[in-house]
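Asker: Following this line is data_24.pdb, made up of PDB, C-alpha atoms, pLDDT in the B column:
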```pdb
ATOM      1  CA  MET A   1       7.960 -20.341  53.866  1.00 51.00           C
ATOM      2  CA  SER A   2       6.704 -19.761  57.359  1.00 60.00           C
ATOM      3  CA  GLN A   3       5.251 -22.504  59.515  1.00 63.00           C
ATOM      4  CA  TYR A   4       2.551 -19.982  60.418  1.00 64.00           C
ATOM      5  CA  GLY A   5       1.588 -19.411  56.773  1.00 67.00           C
ATOM      6  CA  VAL A   6       2.406 -16.793  54.217  1.00 73.00           C
ATOM      7  CA  GLY A   7      -0.196 -14.402  55.592  1.00 74.00           C
ATOM      8  CA  SER A   8       2.064 -13.430  58.485  1.00 78.00           C
ATOM      9  CA  VAL A   9       4.983 -12.993  56.094  1.00 80.00           C
ATOM     10  CA  TYR A  10       2.931 -10.646  53.892  1.00 83.00           C
ATOM     11  CA  PHE A  11       1.735  -8.792  56.980  1.00 84.00           C
ATOM     12  CA  LEU A  12       5.310  -8.278  58.179  1.00 87.00           C
ATOM     13  CA  ALA A  13       6.397  -7.198  54.684  1.00 89.00           C
ATOM     14  CA  ALA A  14       3.610  -4.590  54.651  1.00 92.00           C
ATOM     15  CA  TRP A  15       4.630  -3.397  58.116  1.00 92.00           C
ATOM     16  CA  PHE A  16       8.258  -3.007  57.051  1.00 93.00           C
ATOM     17  CA  HIS A  17       7.170  -0.934  54.085  1.00 94.00           C
ATOM     18  CA  LEU A  18       5.749   1.520  56.631  1.00 94.00           C
ATOM     19  CA  ALA A  19       8.487   1.272  59.266  1.00 93.00           C
ATOM     20  CA  PRO A  20      12.220   0.689  58.863  1.00 93.00           C
ATOM     21  CA  ILE A  21      13.351  -2.907  59.296  1.00 90.00           C
ATOM     22  CA  GLY A  22      14.835  -3.501  62.716  1.00 90.00           C
ATOM     23  CA  TYR A  23      14.350  -5.161  66.055  1.00 89.00           C
ATOM     24  CA  GLY A  24      12.830  -2.018  67.551  1.00 90.00           C
ATOM     25  CA  THR A  25      10.117  -1.721  64.920  1.00 92.00           C
ATOM     26  CA  LEU A  26       9.386  -5.454  65.129  1.00 90.00           C
ATOM     27  CA  ARG A  27       9.000  -5.112  68.898  1.00 89.00           C
ATOM     28  CA  LEU A  28       6.769  -2.089  68.383  1.00 92.00           C
ATOM     29  CA  LEU A  29       4.540  -4.093  66.032  1.00 92.00           C
ATOM     30  CA  ASP A  30       4.383  -7.011  68.445  1.00 90.00           C
ATOM     31  CA  GLY A  31       3.514  -4.644  71.287  1.00 90.00           C
ATOM     32  CA  ILE A  32       0.724  -3.044  69.253  1.00 92.00           C
ATOM     33  CA  LEU A  33      -0.631  -6.456  68.267  1.00 91.00           C
ATOM     34  CA  THR A  34      -0.420  -7.733  71.850  1.00 90.00           C
ATOM     35  CA  ALA A  35      -2.326  -4.699  73.127  1.00 92.00           C
ATOM     36  CA  SER A  36      -4.907  -5.226  70.360  1.00 93.00           C
ATOM     37  CA  PHE A  37      -5.165  -8.897  71.320  1.00 91.00           C
ATOM     38  CA  PHE A  38      -5.993  -7.994  74.922  1.00 92.00           C
ATOM     39  CA  ALA A  39      -8.392  -5.274  73.759  1.00 94.00           C
ATOM     40  CA  ALA A  40     -10.152  -7.914  71.661  1.00 93.00           C
ATOM     41  CA  GLY A  41     -10.323 -10.190  74.705  1.00 92.00           C
ATOM     42  CA  TYR A  42     -11.910  -7.408  76.735  1.00 95.00           C
ATOM     43  CA  SER A  43     -14.307  -6.722  73.855  1.00 94.00           C
ATOM     44  CA  VAL A  44     -15.333 -10.387  73.746  1.00 92.00           C
ATOM     45  CA  LEU A  45     -16.151 -10.270  77.451  1.00 92.00           C
ATOM     46  CA  ARG A  46     -18.143  -7.038  77.175  1.00 94.00           C
ATOM     47  CA  VAL A  47     -19.991  -7.990  73.979  1.00 92.00           C
ATOM     48  CA  ALA A  48     -20.860 -11.349  75.529  1.00 89.00           C
ATOM     49  CA  GLY A  49     -22.563  -9.463  78.345  1.00 90.00           C
ATOM     50  CA  ALA A  50     -20.006  -9.551  81.145  1.00 91.00           C
ATOM     51  CA  PRO A  51     -20.284  -6.492  83.375  1.00 94.00           C
ATOM     52  CA  ARG A  52     -17.328  -4.121  83.647  1.00 94.00           C
ATOM     53  CA  LEU A  53     -16.923  -5.156  87.270  1.00 95.00           C
ATOM     54  CA  LEU A  54     -16.026  -8.642  86.026  1.00 93.00           C
ATOM     55  CA  ALA A  55     -14.335  -7.846  82.683  1.00 93.00           C
ATOM     56  CA  ILE A  56     -11.766  -5.370  84.004  1.00 94.00           C
ATOM     57  CA  PRO A  57     -10.375  -7.614  86.788  1.00 95.00           C
ATOM     58  CA  ALA A  58     -10.378 -10.577  84.399  1.00 93.00           C
ATOM     59  CA  MET A  59      -8.251  -8.666  81.922  1.00 93.00           C
ATOM     60  CA  ALA A  60      -6.009  -7.399  84.728  1.00 94.00           C
ATOM     61  CA  VAL A  61      -5.357 -11.008  85.763  1.00 94.00           C
ATOM     62  CA  ALA A  62      -4.654 -11.888  82.112  1.00 90.00           C
ATOM     63  CA  VAL A  63      -2.107  -9.083  81.776  1.00 89.00           C
ATOM     64  CA  VAL A  64      -0.408  -9.995  85.063  1.00 91.00           C
ATOM     65  CA  ALA A  65      -0.295 -13.650  83.982  1.00 89.00           C
ATOM     66  CA  LEU A  66       1.248 -12.582  80.674  1.00 84.00           C
ATOM     67  CA  VAL A  67       3.903 -10.514  82.408  1.00 80.00           C
ATOM     68  CA  TYR A  68       4.886 -13.260  84.853  1.00 85.00           C
ATOM     69  CA  ALA A  69       4.608 -16.208  82.454  1.00 83.00           C
ATOM     70  CA  LEU A  70       6.776 -14.883  79.633  1.00 80.00           C
ATOM     71  CA  ASP A  71      10.292 -16.223  79.357  1.00 79.00           C
ATOM     72  CA  TYR A  72      11.162 -13.437  76.916  1.00 78.00           C
ATOM     73  CA  PRO A  73       9.848  -9.859  76.744  1.00 79.00           C
ATOM     74  CA  ILE A  74       7.119  -8.942  74.268  1.00 79.00           C
ATOM     75  CA  GLY A  75       8.662  -8.555  70.851  1.00 76.00           C
ATOM     76  CA  ALA A  76      11.628 -10.833  71.482  1.00 78.00           C
ATOM     77  CA  LEU A  77       9.801 -13.879  70.074  1.00 77.00           C
ATOM     78  CA  PRO A  78       6.941 -12.618  67.894  1.00 75.00           C
ATOM     79  CA  GLN A  79       5.762 -16.155  67.121  1.00 75.00           C
ATOM     80  CA  GLN A  80       4.500 -16.605  70.687  1.00 77.00           C
ATOM     81  CA  GLY A  81       1.988 -13.771  70.423  1.00 79.00           C
ATOM     82  CA  PRO A  82      -0.739 -12.382  68.195  1.00 84.00           C
ATOM     83  CA  LEU A  83       1.096 -13.081  64.940  1.00 80.00           C
ATOM     84  CA  ARG A  84       0.434 -16.714  65.755  1.00 77.00           C
ATOM     85  CA  PHE A  85      -2.895 -16.580  67.604  1.00 78.00           C
ATOM     86  CA  GLY A  86      -4.523 -13.375  66.338  1.00 80.00           C
ATOM     87  CA  LEU A  87      -6.876 -14.788  63.711  1.00 76.00           C
ATOM     88  CA  PRO A  88      -8.685 -17.161  66.105  1.00 79.00           C
ATOM     89  CA  MET A  89      -9.274 -14.210  68.459  1.00 83.00           C
ATOM     90  CA  ALA A  90     -10.733 -12.210  65.552  1.00 81.00           C
ATOM     91  CA  LEU A  91     -13.065 -15.132  64.775  1.00 79.00           C
ATOM     92  CA  ILE A  92     -14.200 -15.351  68.388  1.00 82.00           C
ATOM     93  CA  LEU A  93     -14.871 -11.611  68.554  1.00 86.00           C
ATOM     94  CA  ALA A  94     -16.806 -11.662  65.262  1.00 83.00           C
ATOM     95  CA  THR A  95     -18.889 -14.661  66.339  1.00 81.00           C
ATOM     96  CA  VAL A  96     -19.743 -13.167  69.729  1.00 85.00           C
ATOM     97  CA  ALA A  97     -20.685  -9.879  68.039  1.00 86.00           C
ATOM     98  CA  ALA A  98     -22.895 -11.742  65.548  1.00 83.00           C
ATOM     99  CA  LEU A  99     -24.647 -13.593  68.365  1.00 82.00           C
ATOM    100  CA  ARG A 100     -25.136 -10.410  70.377  1.00 86.00           C
ATOM    101  CA  TRP A 101     -26.409  -8.314  67.469  1.00 85.00           C
ATOM    102  CA  PRO A 102     -28.128 -10.643  64.955  1.00 81.00           C
ATOM    103  CA  ARG A 103     -28.987  -7.675  62.725  1.00 80.00           C
ATOM    104  CA  TRP A 104     -25.291  -7.138  62.116  1.00 72.00           C
ATOM    105  CA  SER A 105     -24.325 -10.819  61.889  1.00 72.00           C
ATOM    106  CA  ARG A 106     -23.610 -10.681  58.156  1.00 72.00           C
ATOM    107  CA  VAL A 107     -21.244  -7.765  58.642  1.00 66.00           C
ATOM    108  CA  ALA A 108     -19.600  -9.254  61.743  1.00 64.00           C
ATOM    109  CA  LEU A 109     -18.924 -12.621  60.136  1.00 63.00           C
ATOM    110  CA  ALA A 110     -17.978 -11.368  56.658  1.00 66.00           C
ATOM    111  CA  ALA A 111     -14.566  -9.925  57.563  1.00 57.00           C
ATOM    112  CA  PRO A 112     -13.091 -13.067  59.186  1.00 54.00           C
ATOM    113  CA  ASP A 113     -14.579 -15.203  56.406  1.00 55.00           C
ATOM    114  CA  ARG A 114     -12.846 -13.117  53.759  1.00 50.00           C
ATOM    115  CA  GLY A 115      -9.707 -13.160  55.876  1.00 50.00           C
ATOM    116  CA  ARG A 116      -9.628 -16.971  55.921  1.00 50.00           C
ATOM    117  CA  ARG A 117      -9.893 -17.021  52.146  1.00 49.00           C
ATOM    118  CA  VAL A 118      -7.282 -14.368  51.451  1.00 43.00           C
ATOM    119  CA  VAL A 119      -4.666 -14.991  54.125  1.00 49.00           C
ATOM    120  CA  GLY A 120      -2.510 -18.050  53.617  1.00 54.00           C
ATOM    121  CA  LEU A 121      -2.364 -19.968  56.859  1.00 59.00           C
ATOM    122  CA  GLY A 122       0.235 -22.504  57.812  1.00 62.00           C
ATOM    123  CA  ALA A 123      -0.807 -25.889  59.159  1.00 65.00           C
ATOM    124  CA  GLU A 124      -0.625 -24.863  62.811  1.00 68.00           C
ATOM    125  CA  ALA A 125      -2.404 -21.528  62.375  1.00 68.00           C
ATOM    126  CA  PHE A 126      -4.991 -23.214  60.155  1.00 70.00           C
ATOM    127  CA  ALA A 127      -5.637 -25.829  62.849  1.00 74.00           C
ATOM    128  CA  TYR A 128      -6.104 -23.183  65.572  1.00 71.00           C
ATOM    129  CA  THR A 129      -8.390 -21.158  63.350  1.00 72.00           C
ATOM    130  CA  ALA A 130     -10.397 -24.156  62.094  1.00 74.00           C
ATOM    131  CA  LEU A 131     -10.949 -25.488  65.624  1.00 76.00           C
ATOM    132  CA  THR A 132     -11.959 -22.030  66.827  1.00 74.00           C
ATOM    133  CA  LEU A 133     -14.325 -21.622  63.895  1.00 73.00           C
ATOM    134  CA  ALA A 134     -15.880 -25.039  64.541  1.00 76.00           C
ATOM    135  CA  ALA A 135     -16.413 -24.233  68.218  1.00 75.00           C
ATOM    136  CA  CYS A 136     -17.867 -20.809  67.388  1.00 70.00           C
ATOM    137  CA  SER A 137     -20.176 -22.314  64.760  1.00 69.00           C
ATOM    138  CA  ARG A 138     -21.383 -24.910  67.246  1.00 70.00           C
ATOM    139  CA  CYS A 139     -22.109 -22.183  69.804  1.00 67.00           C
ATOM    140  CA  ALA A 140     -23.852 -20.026  67.207  1.00 62.00           C
ATOM    141  CA  HIS A 141     -26.098 -22.811  65.933  1.00 63.00           C
ATOM    142  CA  GLY A 142     -26.760 -24.516  69.232  1.00 59.00           C
TER     143      GLY A 142
END
```
If you took the structure in this file and wrote it as structure tokens, what would it be?
Answerer:
Amino acid sequence: MSQYGVGSVYFLAAWFHLAPIGYGTLRLLDGILTASFFAAGYSVLRVAGAPRLLAIPAMAVAVVALVYALDYPIGALPQQGPLRFGLPMALILATVAALRWPRWSRVALAAPDRGRRVVGLGAEAFAYTALTLAACSRCAHG
């Protein structure tokens, strides 16, 4: 049992069905997820209406802060990255997209909703996701 829920365990099991089990492939996965996490952050800024002139330097500062703040390189401790905090970022991106494009709000909010039902979350990941969802719902409904 993982403190982050069984969803991350199933995700890792699926990954290791595609790639051989090893530290290198785990680091590769964590690197891909970290890059996706920052891409989602940039997408949130752009979808929310931030101009490129603001979004690009903001993400550059985020990447530099990540590089200088890490005690261990990406992939050395996967629990400090997107395996732990990825679902709240997906909820934020879906909520911002739904607010930006109301016509597509059903589509934008359906995927994270199904994800919360299907993926088993541990107590900590559930708390992060629930608090993020509550904040996003409050923003969406005024």
Asker: Apply the PyMOL selection byres ((chain A and resi 85-95) around 7) to the file shown and report the selected residues as a list in words.
Answerer: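 When the PyMOL selection byres ((chain A and resi 85-95) around 7) is applied, the selected residues are Phe37, Ala40, Val44, Gly81, Pro82, Leu83, Arg84, Val96, Ala97, Ala98, Leu99, Ala108, Leu109, Pro112, Tyr128, Thr129, Thr132, Leu133 and Cys136 of chain A.
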Asker: Take the PyMOL selection byres ((chain A and resi 35) around 12), run it mentally on this structure, and tell me the resulting residues as number ranges by chain.
Answerer: A: 28-34, 36-42, 59, 62-63, 66, 74-75, 81-82, 86
Asker: Quote the spacing between atom CA of Ala13 of chain A and atom CA of Leu77 of chain A in Å to one decimal place.
Answerer: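 Separation of atom CA of Ala13 of chain A and atom CA of Leu77 of chain A: 17.1 Å.
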Asker: Quick one: residues within 8 Å of Ala55 of chain A, only C-alpha atoms, excluding same-chain residues fewer than 5 positions away - as a PyMOL selection string?
Answerer: chain A and resi 42+45-46+50
Asker: Report, in Å to a single decimal, how far apart atom CA of Pro73 of chain A and atom CA of Ala14 of chain A are.
Answerer: 23.6 Å
Asker: Enter the distance from atom CA of Arg100 of chain A to atom CA of Gly49 of chain A, in Å, rounded to one decimal.
Answerer: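 Pair atom CA of Arg100 of chain A / atom CA of Gly49 of chain A returns 8.4 Å.
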Asker: Can you pull out every residue within 12 Å of Thr25 of chain A, counting all atoms listed in the file, but drop anything in the same chain fewer than 6 positions away, and send it as a list in words?
Answerer: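 Once the adjacent positions are removed, what remains is Leu12, Trp15, Phe16, His17, Leu18, Ala19, Gly31, Ile32, Gly75, Ala76 and Pro78 of chain A.
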Asker: Could you write those residues out with C-alpha atoms, as a PDB file, keeping the file's coordinate frame?
Answerer:
```
ATOM      1  CA  LEU A  12       5.310  -8.278  58.179  1.00 87.00           C
ATOM      2  CA  TRP A  15       4.630  -3.397  58.116  1.00 92.00           C
ATOM      3  CA  PHE A  16       8.258  -3.007  57.051  1.00 93.00           C
ATOM      4  CA  HIS A  17       7.170  -0.934  54.085  1.00 94.00           C
ATOM      5  CA  LEU A  18       5.749   1.520  56.631  1.00 94.00           C
ATOM      6  CA  ALA A  19       8.487   1.272  59.266  1.00 93.00           C
ATOM      7  CA  GLY A  31       3.514  -4.644  71.287  1.00 90.00           C
ATOM      8  CA  ILE A  32       0.724  -3.044  69.253  1.00 92.00           C
ATOM      9  CA  GLY A  75       8.662  -8.555  70.851  1.00 76.00           C
ATOM     10  CA  ALA A  76      11.628 -10.833  71.482  1.00 78.00           C
ATOM     11  CA  PRO A  78       6.941 -12.618  67.894  1.00 75.00           C
TER      12      PRO A  78
END
```
Asker: With distances taken over all atoms listed in the file, which of A:Gly24, A:Trp104, A:Ser43, A:Gln80 is nearest to Ile56 of chain A?
Answerer: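 Residue with the minimum atom-to-atom distance to Ile56 of chain A: A:Ser43.
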